[in-house]
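Listing of structure.cif, mmCIF, C-alpha atoms
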data_my_file
loop_
_atom_site.label_atom_id
_atom_site.label_comp_id
_atom_site.auth_asym_id
_atom_site.auth_seq_id
_atom_site.Cartn_x
_atom_site.Cartn_y
_atom_site.Cartn_z
CA MET A 1203 97.14 117.81 72.33
CA THR A 1204 100.07 116.50 70.28
CA ASP A 1205 97.57 114.57 68.18
CA LEU A 1206 95.80 117.80 67.32
CA LEU A 1207 99.09 119.45 66.45
CA TRP A 1208 99.99 116.59 64.13
CA ILE A 1209 96.63 116.81 62.41
CA LEU A 1210 97.30 120.49 61.77
CA ILE A 1211 100.83 119.96 60.47
CA SER A 1212 99.82 116.97 58.40
CA ALA A 1213 97.00 118.87 56.70
CA MET A 1214 99.23 121.88 56.15
CA LEU A 1215 102.43 120.34 54.85
CA VAL A 1216 102.42 116.58 54.35
CA ASN A 1217 99.00 116.29 52.72
CA ASN A 1218 98.90 119.85 51.42
CA PHE A 1219 95.42 120.35 49.94
CA THR A 1220 96.60 121.99 46.76
CA LEU A 1221 99.91 120.36 45.96
CA MET A 1222 99.26 116.82 47.18
CA LEU A 1223 95.49 116.31 47.01
CA PHE A 1224 94.76 118.65 44.08
CA LEU A 1225 92.00 120.45 45.93
CA GLY A 1226 91.32 124.10 45.19
CA LEU A 1227 93.27 124.17 41.95
CA CYS A 1228 91.01 126.75 40.31
CA PRO A 1229 92.04 129.60 42.63
CA PHE A 1230 95.56 128.21 42.64
CA MET A 1231 95.78 128.75 38.89
CA GLY A 1232 93.47 131.76 38.73
CA VAL A 1233 94.45 134.16 41.49
CA SER A 1234 98.08 133.31 42.08
CA SER A 1235 99.66 136.05 39.99
CA ARG A 1236 100.01 138.61 42.83
CA VAL A 1237 101.17 137.90 46.37
CA GLY A 1238 98.70 140.36 47.96
CA THR A 1239 95.71 138.82 46.22
CA ALA A 1240 96.94 135.35 47.05
CA LEU A 1241 97.16 136.24 50.74
CA ARG A 1242 93.62 137.62 50.83
CA MET A 1243 92.28 134.61 48.97
CA GLY A 1244 94.06 132.36 51.45
CA GLY A 1245 92.56 134.27 54.36
CA ALA A 1246 89.06 133.99 52.94
CA ASN A 1247 89.63 130.27 52.45
CA ILE A 1248 90.80 129.68 56.02
CA PHE A 1249 87.71 131.49 57.27
CA VAL A 1250 85.22 129.51 55.17
CA LEU A 1251 87.05 126.22 55.81
CA THR A 1252 86.79 126.72 59.57
CA ILE A 1253 83.06 127.40 59.49
CA THR A 1254 82.47 124.54 57.07
CA SER A 1255 84.32 122.15 59.32
CA LEU A 1256 82.12 123.09 62.29
CA VAL A 1257 78.93 122.75 60.28
CA ALA A 1258 80.02 119.45 58.77
CA SER A 1259 80.77 118.07 62.24
CA PHE A 1260 77.34 119.16 63.39
CA LEU A 1261 75.61 117.57 60.38
CA ASN A 1262 77.58 114.36 60.80
CA ALA A 1263 76.77 114.10 64.47
CA TYR A 1264 73.11 115.03 64.57
CA ILE A 1265 71.46 114.74 61.17
CA LEU A 1266 73.24 112.47 58.75
CA PRO A 1267 73.19 109.24 60.79
CA TRP A 1268 69.54 109.03 59.77
CA ALA A 1269 70.05 109.79 56.10
CA PRO A 1270 73.59 108.96 54.98
CA TYR A 1271 72.74 109.08 51.26
CA LEU A 1272 71.91 112.78 51.61
CA ARG A 1273 75.43 113.59 52.78
CA LEU A 1274 76.78 115.07 49.58
CA ILE A 1275 73.67 117.06 48.78
CA SER A 1276 73.31 118.47 52.27
CA PHE A 1277 77.00 119.40 52.43
CA ILE A 1278 76.93 121.31 49.18
CA VAL A 1279 73.67 123.09 50.00
CA VAL A 1280 74.96 124.08 53.42
CA ILE A 1281 78.27 125.30 52.01
CA ALA A 1282 76.61 127.32 49.26
CA SER A 1283 74.16 129.00 51.61
CA LEU A 1284 76.85 129.52 54.23
CA VAL A 1285 79.07 131.38 51.80
CA GLN A 1286 76.07 133.46 50.81
CA ILE A 1287 75.35 134.34 54.47
CA VAL A 1288 78.99 135.11 55.20
CA GLU A 1289 79.09 137.39 52.18
CA THR A 1290 75.98 139.27 53.33
CA VAL A 1291 77.22 139.61 56.90
CA ILE A 1292 80.65 140.88 55.86
CA LYS A 1293 79.04 143.34 53.47
CA LYS A 1294 76.97 144.73 56.34
CA VAL A 1295 79.59 144.67 59.08
CA SER A 1296 82.78 145.61 57.28
CA PRO A 1297 82.36 147.11 53.81
CA LYS A 1298 86.13 147.54 53.55
CA LEU A 1299 86.79 143.84 54.06
CA PHE A 1300 83.97 143.07 51.66
CA ARG A 1301 85.59 145.15 48.93
CA GLU A 1302 88.82 143.23 49.43
CA LEU A 1303 87.26 139.78 49.54
CA GLY A 1304 84.24 140.55 47.36
CA ILE A 1305 85.04 138.66 44.20
CA PHE A 1306 86.58 135.72 46.01
CA LEU A 1307 83.72 134.69 48.25
CA PRO A 1308 81.36 133.41 45.53
CA LEU A 1309 84.31 131.65 43.90
CA ILE A 1310 84.92 129.77 47.12
CA THR A 1311 81.58 127.95 46.80
CA THR A 1312 82.81 126.00 43.79
CA ASN A 1313 86.24 125.54 45.32
CA CYS A 1314 86.76 121.83 45.73
CA ALA A 1315 88.86 122.40 48.85
CA ILE A 1316 85.78 123.32 50.89
CA LEU A 1317 83.66 120.33 49.95
CA GLY A 1318 86.80 118.18 49.96
CA LEU A 1319 87.48 119.16 53.55
CA ALA A 1320 83.96 118.25 54.65
CA ILE A 1321 84.21 114.85 52.94
CA PHE A 1322 87.76 113.99 54.04
CA GLN A 1323 86.97 115.03 57.58
CA THR A 1324 83.98 112.68 57.58
CA ASN A 1325 85.95 109.84 55.99
CA LYS A 1326 88.71 110.17 58.57
CA GLY A 1327 86.16 110.15 61.38
CA TYR A 1328 87.41 113.34 63.05
CA ASP A 1329 85.36 114.81 65.89
CA ALA A 1330 84.53 118.53 66.01
CA LEU A 1331 87.81 119.66 67.61
CA GLU A 1332 90.01 117.49 65.40
CA GLY A 1333 88.05 118.68 62.40
CA LEU A 1334 88.68 122.27 63.39
CA PHE A 1335 92.43 121.72 63.53
CA TYR A 1336 92.26 119.86 60.22
CA ALA A 1337 90.43 122.81 58.65
CA VAL A 1338 92.86 125.43 59.98
CA GLY A 1339 95.84 123.34 58.91
CA GLY A 1340 94.35 122.77 55.46
CA GLY A 1341 93.61 126.46 55.10
CA LEU A 1342 97.13 127.45 56.14
CA GLY A 1343 98.52 124.94 53.67
CA LEU A 1344 96.36 126.37 50.89
CA THR A 1345 97.53 129.87 51.74
CA LEU A 1346 101.15 128.75 51.83
CA ALA A 1347 100.86 127.12 48.41
CA LEU A 1348 99.06 130.15 46.96
CA VAL A 1349 101.63 132.62 48.30
CA LEU A 1350 104.60 130.50 47.21
CA MET A 1351 103.13 130.17 43.74
CA ALA A 1352 102.33 133.89 43.52
CA SER A 1353 105.85 134.89 44.52
CA ILE A 1354 107.34 132.59 41.90
CA ARG A 1355 104.96 133.87 39.25
CA GLU A 1356 105.80 137.49 40.05
CA GLN A 1357 109.41 136.60 39.34
CA THR A 1358 108.71 134.75 36.11
CA GLU A 1359 107.05 137.87 34.72
CA LEU A 1360 110.39 139.64 34.81
CA VAL A 1361 112.40 137.03 32.93
CA SER A 1362 112.15 136.10 29.30
CA VAL A 1363 110.34 132.80 28.92
CA PRO A 1364 110.34 130.74 25.71
CA ALA A 1365 107.25 131.58 23.70
CA MET A 1366 105.77 128.09 23.98
CA ALA A 1367 105.86 128.17 27.79
CA ARG A 1368 103.95 131.44 28.15
CA GLY A 1369 100.69 130.76 29.94
CA MET A 1370 99.59 127.79 31.98
CA GLY A 1371 102.19 125.26 30.86
CA LEU A 1372 104.85 127.02 32.88
CA VAL A 1373 102.56 127.41 35.91
CA LEU A 1374 101.85 123.67 35.92
CA ILE A 1375 105.54 122.77 35.72
CA LEU A 1376 106.20 125.16 38.60
CA ALA A 1377 103.38 123.58 40.58
CA GLY A 1378 104.88 120.16 39.90
CA SER A 1379 108.22 121.30 41.25
CA LEU A 1380 106.55 122.75 44.36
CA SER A 1381 104.69 119.48 44.81
CA LEU A 1382 107.99 117.59 44.61
CA ALA A 1383 109.44 119.89 47.25
CA PHE A 1384 106.46 119.31 49.54
CA MET A 1385 106.96 115.56 49.24
CA GLY A 1386 110.00 116.09 51.40
CA PHE A 1387 107.68 116.77 54.33
CA ALA A 1388 106.44 113.18 54.19
CA GLY A 1389 109.60 112.30 56.10
CA LEU A 1390 108.17 114.12 59.14
CA PHE A 1391 106.01 111.13 59.96
CA SER A 1392 108.22 108.16 59.16
CA SER A 1393 110.50 108.65 62.18
CA MET B 880 66.66 133.86 21.88
CA SER B 881 69.73 134.76 19.91
CA PRO B 882 69.86 133.53 16.35
CA ARG B 883 71.62 130.23 15.87
CA THR B 884 75.03 130.89 14.54
CA THR B 885 76.47 127.41 14.95
CA THR B 886 75.48 124.14 13.37
CA PRO B 887 74.80 121.11 15.61
CA GLN B 888 78.08 119.52 14.50
CA GLU B 889 79.96 122.60 15.63
CA VAL B 890 78.20 122.54 19.01
CA PHE B 891 79.38 118.96 19.49
CA LEU B 892 82.90 119.29 18.12
CA ARG B 893 83.63 122.55 19.90
CA GLY B 894 83.70 120.84 23.28
CA VAL B 895 85.67 117.87 21.99
CA TRP B 896 88.63 119.77 20.68
CA ARG B 897 88.69 123.51 20.05
CA GLU B 898 87.28 124.37 23.48
CA ASN B 899 88.43 121.23 25.24
CA PRO B 900 87.52 121.73 28.92
CA VAL B 901 90.78 120.49 30.38
CA LEU B 902 93.43 121.08 27.74
CA ILE B 903 92.26 124.49 26.51
CA GLN B 904 90.01 126.01 29.17
CA LEU B 905 91.77 124.43 32.17
CA LEU B 906 88.47 123.64 33.88
CA GLY B 907 87.91 120.61 36.04
CA LEU B 908 91.57 120.34 36.88
CA CYS B 909 91.11 118.68 40.26
CA PRO B 910 89.87 115.33 38.90
CA ALA B 911 92.03 115.64 35.79
CA LEU B 912 95.15 115.70 37.94
CA ALA B 913 94.12 113.70 40.98
CA VAL B 914 92.81 110.42 39.61
CA THR B 915 94.61 110.02 36.29
CA ASN B 916 97.45 107.84 37.54
CA THR B 917 96.06 104.83 35.68
CA VAL B 918 94.03 104.45 32.51
CA ALA B 919 91.23 102.54 34.27
CA ASN B 920 90.77 105.26 36.88
CA SER B 921 90.78 107.96 34.21
CA LEU B 922 88.16 106.12 32.20
CA ALA B 923 85.90 105.61 35.23
CA MET B 924 86.24 109.25 36.24
CA GLY B 925 85.64 110.41 32.66
CA LEU B 926 82.52 108.27 32.27
CA ALA B 927 81.11 109.33 35.64
CA THR B 928 81.63 112.99 34.80
CA PHE B 929 80.13 112.46 31.34
CA PHE B 930 77.03 110.92 32.93
CA VAL B 931 76.64 113.73 35.46
CA LEU B 932 77.17 116.42 32.82
CA LEU B 933 74.69 114.86 30.41
CA GLY B 934 72.06 114.23 33.08
CA SER B 935 72.23 117.70 34.57
CA SER B 936 72.29 119.39 31.16
CA ILE B 937 69.09 117.55 30.21
CA LEU B 938 67.34 118.52 33.46
CA VAL B 939 68.55 122.12 33.42
CA SER B 940 67.53 122.57 29.82
CA LEU B 941 64.10 121.06 30.49
CA PHE B 942 63.46 123.19 33.57
CA LYS B 943 65.15 126.37 32.41
CA ASP B 944 61.89 128.31 32.35
CA LEU B 945 60.84 127.10 35.80
CA ILE B 946 64.05 127.95 37.67
CA PRO B 947 64.01 131.55 38.98
CA LYS B 948 67.03 133.60 37.97
CA GLU B 949 67.97 134.48 41.57
CA VAL B 950 68.44 130.92 42.82
CA ARG B 951 69.60 129.33 39.59
CA ILE B 952 73.13 128.50 40.76
CA SER B 953 71.83 126.69 43.85
CA ALA B 954 69.29 124.86 41.70
CA TYR B 955 72.00 123.75 39.26
CA ILE B 956 74.21 122.58 42.10
CA LEU B 957 71.33 120.58 43.58
CA ILE B 958 70.65 118.91 40.24
CA ILE B 959 74.34 118.14 39.77
CA ALA B 960 74.66 116.80 43.32
CA THR B 961 71.72 114.46 42.71
CA PHE B 962 73.37 112.95 39.66
CA VAL B 963 76.71 112.69 41.43
CA THR B 964 75.04 110.77 44.27
CA ILE B 965 73.56 108.39 41.68
CA ALA B 966 76.97 107.94 40.01
CA ASP B 967 78.61 107.40 43.39
CA LEU B 968 76.16 104.68 44.43
CA VAL B 969 76.26 102.97 41.01
CA LEU B 970 80.06 102.90 40.89
CA ASN B 971 80.14 101.53 44.42
CA ALA B 972 77.78 98.72 43.43
CA VAL B 973 79.30 97.85 40.05
CA VAL B 974 83.05 98.44 40.36
CA PRO B 975 83.84 98.68 44.08
CA GLU B 976 87.62 98.57 43.54
CA ILE B 977 87.65 101.57 41.25
CA HIS B 978 85.20 103.32 43.57
CA LYS B 979 87.71 102.84 46.36
CA ALA B 980 90.59 104.08 44.23
CA LEU B 981 88.74 107.25 43.22
CA GLY B 982 87.56 107.80 46.78
CA ALA B 983 86.30 111.25 47.64
CA PHE B 984 86.97 112.50 44.14
CA ILE B 985 83.69 111.07 42.88
CA ALA B 986 81.84 113.27 45.35
CA LEU B 987 83.99 116.15 44.22
CA ILE B 988 82.51 115.96 40.72
CA VAL B 989 79.87 118.28 42.21
CA VAL B 990 82.33 121.14 42.36
CA ASN B 991 83.86 120.45 38.96
CA CYS B 992 83.59 123.96 37.56
CA MET B 993 83.33 122.55 34.03
CA ILE B 994 79.87 121.08 34.76
CA LEU B 995 78.46 124.17 36.45
CA GLY B 996 80.03 126.25 33.70
CA ARG B 997 78.21 124.36 30.95
CA GLN B 998 74.87 124.71 32.78
CA GLU B 999 75.29 128.43 33.28
CA ALA B 1000 76.75 129.18 29.86
CA PHE B 1001 74.83 126.81 27.64
CA ALA B 1002 72.18 124.41 28.93
CA SER B 1003 70.18 127.12 30.70
CA LYS B 1004 69.76 129.08 27.49
CA GLN B 1005 69.38 126.43 24.80
CA PRO B 1006 66.75 123.90 23.74
CA LEU B 1007 67.10 120.30 24.86
CA GLY B 1008 68.70 118.90 21.70
CA ARG B 1009 71.51 121.40 21.59
CA ALA B 1010 72.11 121.14 25.34
CA VAL B 1011 72.50 117.36 24.96
CA LEU B 1012 74.90 117.81 22.04
CA ASP B 1013 76.94 120.35 23.97
CA ALA B 1014 77.07 118.16 27.07
CA MET B 1015 78.15 115.15 24.99
CA GLY B 1016 80.83 117.15 23.20
CA THR B 1017 82.23 118.58 26.40
CA GLY B 1018 82.00 115.21 28.12
CA VAL B 1019 83.82 113.45 25.30
CA GLY B 1020 86.46 116.18 25.34
CA PHE B 1021 86.89 115.63 29.07
CA ILE B 1022 87.23 111.86 28.60
CA ILE B 1023 89.81 112.37 25.84
CA ALA B 1024 91.86 114.70 28.03
CA LEU B 1025 91.69 112.32 31.00
CA LEU B 1026 92.66 109.33 28.86
CA LEU B 1027 95.58 111.28 27.43
CA MET B 1028 96.81 112.07 30.94
CA GLY B 1029 96.07 108.57 32.22
CA THR B 1030 97.90 106.88 29.34
CA LEU B 1031 100.93 109.12 29.67
CA ARG B 1032 101.13 108.58 33.42
CA GLU B 1033 100.44 104.85 33.47
CA VAL B 1034 102.77 104.01 30.59
CA LEU B 1035 105.64 105.99 32.11
CA GLY B 1036 104.83 105.42 35.78
CA TYR B 1037 103.97 101.72 35.79
CA GLY B 1038 105.21 100.66 32.35
CA SER B 1039 101.78 99.24 31.58
CA PHE B 1040 98.54 100.10 29.79
CA LEU B 1041 95.26 99.10 31.48
CA GLY B 1042 97.33 96.84 33.72
CA ILE B 1043 99.02 95.00 30.82
CA ALA B 1044 102.79 95.29 31.03
CA LEU B 1045 104.18 96.95 27.91
CA PHE B 1046 107.90 96.76 28.39
CA GLY B 1047 110.25 94.00 29.44
CA PRO B 1048 111.46 93.59 33.03
CA GLY B 1049 114.35 95.90 32.18
CA PHE B 1050 112.02 98.92 32.26
CA GLU B 1051 112.60 101.19 35.19
CA PRO B 1052 109.25 102.83 36.00
CA TRP B 1053 109.20 106.61 36.36
CA ILE B 1054 107.78 106.65 39.87
CA ILE B 1055 107.37 110.41 39.74
CA MET B 1056 104.63 110.14 37.12
CA ILE B 1057 102.25 108.38 39.52
CA LEU B 1058 103.00 110.77 42.39
CA PRO B 1059 101.00 114.01 42.72
CA ALA B 1060 103.89 115.95 41.19
CA GLY B 1061 103.65 113.77 38.10
CA GLY B 1062 100.09 114.96 37.50
CA PHE B 1063 101.24 118.57 37.36
CA PHE B 1064 104.21 117.65 35.16
CA ALA B 1065 102.16 115.52 32.74
CA LEU B 1066 99.59 118.25 32.11
CA GLY B 1067 102.35 120.87 32.09
CA PHE B 1068 104.25 119.04 29.36
CA ILE B 1069 101.09 118.45 27.33
CA LEU B 1070 100.37 122.20 27.49
CA LEU B 1071 103.97 123.00 26.59
CA GLY B 1072 103.60 120.72 23.59
CA PHE B 1073 100.44 122.57 22.56
CA GLY B 1074 102.23 125.89 23.02
CA TRP B 1075 105.09 124.73 20.86
CA TRP B 1076 102.68 123.55 18.17
CA THR B 1077 100.63 126.76 18.04
CA GLU B 1078 103.79 128.82 18.08
CA ARG B 1079 105.15 126.88 15.11
CA LYS B 1080 101.89 127.21 13.25
CA ALA B 1081 101.80 130.94 13.92
CA GLN B 1082 105.30 131.34 12.52
CA GLN B 1083 104.40 129.63 9.27
CA PRO B 1084 102.45 132.18 7.25
CA LYS B 1085 99.35 130.91 5.53
CA GLY B 1086 99.97 129.44 2.12
CA ARG B 1087 103.66 129.12 2.73
CA ARG B 1088 103.87 125.87 0.85
CA TRP B 1089 102.47 127.53 -2.21
CA MET B 1090 104.98 130.35 -1.84
CA ASN B 1091 107.78 127.80 -1.60
CA GLU B 1092 106.68 126.11 -4.76
CA VAL B 1093 106.66 129.44 -6.53
CA THR B 1094 110.12 130.39 -5.29
CA ASP B 1095 111.42 126.93 -6.12
CA ALA B 1096 110.13 127.26 -9.63
CA ALA B 1097 111.52 130.75 -9.92
CA ALA B 1098 114.89 129.83 -8.47
CA PRO B 1099 117.76 130.00 -10.91
CA PRO B 1100 118.85 126.63 -12.27
CA SER B 1101 122.28 127.12 -10.69
CA GLY B 1102 120.78 125.84 -7.41
CA GLU B 1103 120.16 122.53 -9.11
CA ALA B 1104 123.73 122.17 -10.21
CA SER B 1105 125.28 122.70 -6.80
#
Would you mind writing the structure in this file as structure tokens?
Amino acid sequence: MTDLLWILISAMLVNNFTLMLFLGLCPFMGVSSRVGTALRMGGANIFVLTITSLVASFLNAYILPWAPYLRLISFIVVIASLVQIVETVIKKVSPKLFRELGIFLPLITTNCAILGLAIFQTNKGYDALEGLFYAVGGGLGLTLALVLMASIREQTELVSVPAMARGMGLVLILAGSLSLAFMGFAGLFSS
Amino acid sequence: MSPRTTTPQEVFLRGVWRENPVLIQLLGLCPALAVTNTVANSLAMGLATFFVLLGSSILVSLFKDLIPKEVRISAYILIIATFVTIADLVLNAVVPEIHKALGAFIALIVVNCMILGRQEAFASKQPLGRAVLDAMGTGVGFIIALLLMGTLREVLGYGSFLGIALFGPGFEPWIIMILPAGGFFALGFILLGFGWWTERKAQQPKGRRWMNEVTDAAAPPSGEAS
């Protein structure tokens, strides 16, 4: 049980997907200007990550031992179709949720965090349960990074910034500082 | 088909500089930040991405009339994934050390939004020749951006270039530049530099030099005496 907990915390803080492994940077830069949007994007990500992790475990266990060279292609096809199915189901079941998540779901397909999770999980040799905790931890970490970034960016809109730093330059410097701060969590494991 | 408004040179050069995928459009940031801690890694990543982009642009442009509109994105992703698998296997066979250093990020070329973006925006609508030119321009632009980042980070972070030590033993390496945070900072400072440059250019009105010459000539000779 403690192992599972450590996997979760490690994926969330120590090896934060966005700030340490550079996964999912597109939404990190694109939809991190409002806290509310960032939260919803994070939620959608956790959801898709969890399903992806389950499917990847299934593929790894039952199909890919016979065709390892098809790993990448089958992962990406499964993820793309999965997101499509999820989108259709949500549209049918809860139109309200669909309106809130609508634009984000297709974006998630080309989010490197999802494919990255499937690949890292395979490389680390996690079983289905460990993979699940890894996915939830990674998703929580993504959400944390997104929300932190969005709250900082909401503040920077109110202050006067030098003209040359308007735009992405400032966001990247902020992300670098956040990444530095997250490095502090590495100490969690050295003891 | 829309009339051609750009010359082939413009198609090529656009991707290299004016619409540079990383430095201007901020696409494909994951590999640009994750694997650029040394020049060798940057070069390998840049070349692999160039190969994938070129290969998939050729295929997409050739098959653009056969791919149904509704499933085009999946078809593009499949084509891209095929080329990434080829690149992955080739790198593993030829340069296993670099393959190990890049790790999962080679597989992640599939979800590099720059590649899918070029297919959707350009290769699927243009004849083969122009698609190849566009892919080469964008690919070269990507390599340039990665090399810029890689050089900055390796020179400051290790004090070396391509593994050759540049400074004497007195050099204290900036460890932060090879850490993840350094990737954000390096690109951030490059973008700040660009911002500073454009801002300065915008403040200088066009033909200012000519204006200066005129005012200099018209200035009273008393200025000369002082």
Exercise. For A:Thr1358, please output as an MDAnalysis selection string all residues within 12 Å (counting all atoms listed in the file; exclusion window: fewer than 4 positions along the same chain).
Key: chainID A and resid 1235:1236 1351:1354 1362:1364 1367:1369 1372:1373 1376
Quiz item: Between atom CA of B:Val974 and atom CA of B:Phe929, what is the spacing in Å?
Solution: 16.9 Å
Quiz prompt | Residues selected by the PyMOL selection byres ((chain A) within 8 of (chain B)), written as number ranges by chain | solution = A: 1221-1228, 1271, 1274-1275, 1278-1279, 1282, 1312-1314, 1317-1318, 1321-1322, 1365-1368, 1370-1375, 1377-1382
Store the residues of this selection in a file with C-alpha atoms, as a PDB file, in the frame of the given file.
ATOM      1  CA  LEU A1221      99.910 120.360  45.960  1.00  0.00           C
ATOM      2  CA  MET A1222      99.260 116.820  47.180  1.00  0.00           C
ATOM      3  CA  LEU A1223      95.490 116.310  47.010  1.00  0.00           C
ATOM      4  CA  PHE A1224      94.760 118.650  44.080  1.00  0.00           C
ATOM      5  CA  LEU A1225      92.000 120.450  45.930  1.00  0.00           C
ATOM      6  CA  GLY A1226      91.320 124.100  45.190  1.00  0.00           C
ATOM      7  CA  LEU A1227      93.270 124.170  41.950  1.00  0.00           C
ATOM      8  CA  CYS A1228      91.010 126.750  40.310  1.00  0.00           C
ATOM      9  CA  TYR A1271      72.740 109.080  51.260  1.00  0.00           C
ATOM     10  CA  LEU A1274      76.780 115.070  49.580  1.00  0.00           C
ATOM     11  CA  ILE A1275      73.670 117.060  48.780  1.00  0.00           C
ATOM     12  CA  ILE A1278      76.930 121.310  49.180  1.00  0.00           C
ATOM     13  CA  VAL A1279      73.670 123.090  50.000  1.00  0.00           C
ATOM     14  CA  ALA A1282      76.610 127.320  49.260  1.00  0.00           C
ATOM     15  CA  THR A1312      82.810 126.000  43.790  1.00  0.00           C
ATOM     16  CA  ASN A1313      86.240 125.540  45.320  1.00  0.00           C
ATOM     17  CA  CYS A1314      86.760 121.830  45.730  1.00  0.00           C
ATOM     18  CA  LEU A1317      83.660 120.330  49.950  1.00  0.00           C
ATOM     19  CA  GLY A1318      86.800 118.180  49.960  1.00  0.00           C
ATOM     20  CA  ILE A1321      84.210 114.850  52.940  1.00  0.00           C
ATOM     21  CA  PHE A1322      87.760 113.990  54.040  1.00  0.00           C
ATOM     22  CA  ALA A1365     107.250 131.580  23.700  1.00  0.00           C
ATOM     23  CA  MET A1366     105.770 128.090  23.980  1.00  0.00           C
ATOM     24  CA  ALA A1367     105.860 128.170  27.790  1.00  0.00           C
ATOM     25  CA  ARG A1368     103.950 131.440  28.150  1.00  0.00           C
ATOM     26  CA  MET A1370      99.590 127.790  31.980  1.00  0.00           C
ATOM     27  CA  GLY A1371     102.190 125.260  30.860  1.00  0.00           C
ATOM     28  CA  LEU A1372     104.850 127.020  32.880  1.00  0.00           C
ATOM     29  CA  VAL A1373     102.560 127.410  35.910  1.00  0.00           C
ATOM     30  CA  LEU A1374     101.850 123.670  35.920  1.00  0.00           C
ATOM     31  CA  ILE A1375     105.540 122.770  35.720  1.00  0.00           C
ATOM     32  CA  ALA A1377     103.380 123.580  40.580  1.00  0.00           C
ATOM     33  CA  GLY A1378     104.880 120.160  39.900  1.00  0.00           C
ATOM     34  CA  SER A1379     108.220 121.300  41.250  1.00  0.00           C
ATOM     35  CA  LEU A1380     106.550 122.750  44.360  1.00  0.00           C
ATOM     36  CA  SER A1381     104.690 119.480  44.810  1.00  0.00           C
ATOM     37  CA  LEU A1382     107.990 117.590  44.610  1.00  0.00           C
TER      38      LEU A1382
END
Quiz item: Exactly which residues make up the result of the PyMOL selection byres ((chain A and resi 1339) around 7) on this file, given as a PyMOL selection string?
Solution: chain A and resi 1210-1211+1213-1214+1335-1338+1340-1343
Expected file contents, prior selection, C-alpha atoms, as a PDB file, keeping the file's coordinate frame:
ATOM      1  CA  LEU A1210      97.300 120.490  61.770  1.00  0.00           C
ATOM      2  CA  ILE A1211     100.830 119.960  60.470  1.00  0.00           C
ATOM      3  CA  ALA A1213      97.000 118.870  56.700  1.00  0.00           C
ATOM      4  CA  MET A1214      99.230 121.880  56.150  1.00  0.00           C
ATOM      5  CA  PHE A1335      92.430 121.720  63.530  1.00  0.00           C
ATOM      6  CA  TYR A1336      92.260 119.860  60.220  1.00  0.00           C
ATOM      7  CA  ALA A1337      90.430 122.810  58.650  1.00  0.00           C
ATOM      8  CA  VAL A1338      92.860 125.430  59.980  1.00  0.00           C
ATOM      9  CA  GLY A1340      94.350 122.770  55.460  1.00  0.00           C
ATOM     10  CA  GLY A1341      93.610 126.460  55.100  1.00  0.00           C
ATOM     11  CA  LEU A1342      97.130 127.450  56.140  1.00  0.00           C
ATOM     12  CA  GLY A1343      98.520 124.940  53.670  1.00  0.00           C
TER      13      GLY A1343
END
Quiz item: Can you tell me, as a list in words, which residues sit within 10 Å of (86.2, 115.5, 64.5) in the file's frame, using only C-alpha atoms?
Solution: Ser1255, Leu1256, Ala1258, Ser1259, Phe1260, Asn1262, Ala1263, Gln1323, Thr1324, Lys1326, Gly1327, Tyr1328, Asp1329, Ala1330, Leu1331, Glu1332, Gly1333, Leu1334, Phe1335 and Tyr1336 of chain A
Self-check item: Selection: 9 Å around B:Ile977, all atoms listed in the file, excl. self and same-chain fewer than 3 positions, as a PyMOL selection string
Solution: chain B and resi 919-920+923+970-971+974+980-982
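Against this structure, the PyMOL selection byres ((chain A and resi 1390) around 12) ends up with Trp1208, Ile1211, Ser1212, Leu1215, Val1216, Asn1217, Phe1384, Met1385, Gly1386, Phe1387, Ala1388, Gly1389, Phe1391, Ser1392 and Ser1393 of chain A.
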Quiz item: What does the distance between atom CA of B:Gly934 and atom CA of B:Asp1013 come to in Å, to one decimal place?
Solution: 12.0 Å
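By chain and then residue number, the residues within 12 Å of B:Val890 are Arg883, Thr884, Trp896, Arg897, Glu898, Phe1001, Ala1002, Gln1005, Gly1008, Arg1009, Ala1010, Val1011, Leu1012, Asp1013, Ala1014, Met1015, Gly1016 and Thr1017 of chain B, counting only C-alpha atoms and disregarding those fewer than 6 positions away in sequence.
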Exercise. Just the residues within 7 Å of B:Asn916, please, counting only C-alpha atoms, with nothing from its chain fewer than 4 positions along; format it as JSON, numbers by chain.
Key: {"B": [1029, 1032, 1033, 1057]}
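You can rank B:Leu1027, B:Leu933, B:Leu922, B:Ala927 by their closest distance to B:Ala966 using all atoms listed in the file, and at the top of that list sits B:Ala927.
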Practice problem: Kindly give the distance, in Å, that separates atom CA of B:Phe942 and atom CA of B:Glu999, rounded to a single decimal. | Solution: 12.9 Å
Quick one: 8 Å padding each side, axis-aligned, all listed atoms of stretch 1368-1374 of chain A - centre and edge lengths in Å to one decimal, as JSON?
{"center_x": 102.2, "center_y": 127.6, "center_z": 32.0, "size_x": 21.3, "size_y": 23.8, "size_z": 23.8}
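Neighbourhood of point (109.0, 101.3, 32.3): residues with an atom at most 9 Å away, counting all atoms listed in the file, are Val1034, Leu1035, Gly1036, Tyr1037, Gly1038, Ser1039, Ala1044, Leu1045, Phe1046, Gly1047, Pro1048, Gly1049, Phe1050, Glu1051, Pro1052 and Trp1053 of chain B.
Using all atoms listed in the file, the smallest distance between any of B:Leu1041, B:Ile1054, B:Gly1020, B:Gln1082 and B:Val901 comes from B:Gly1020.
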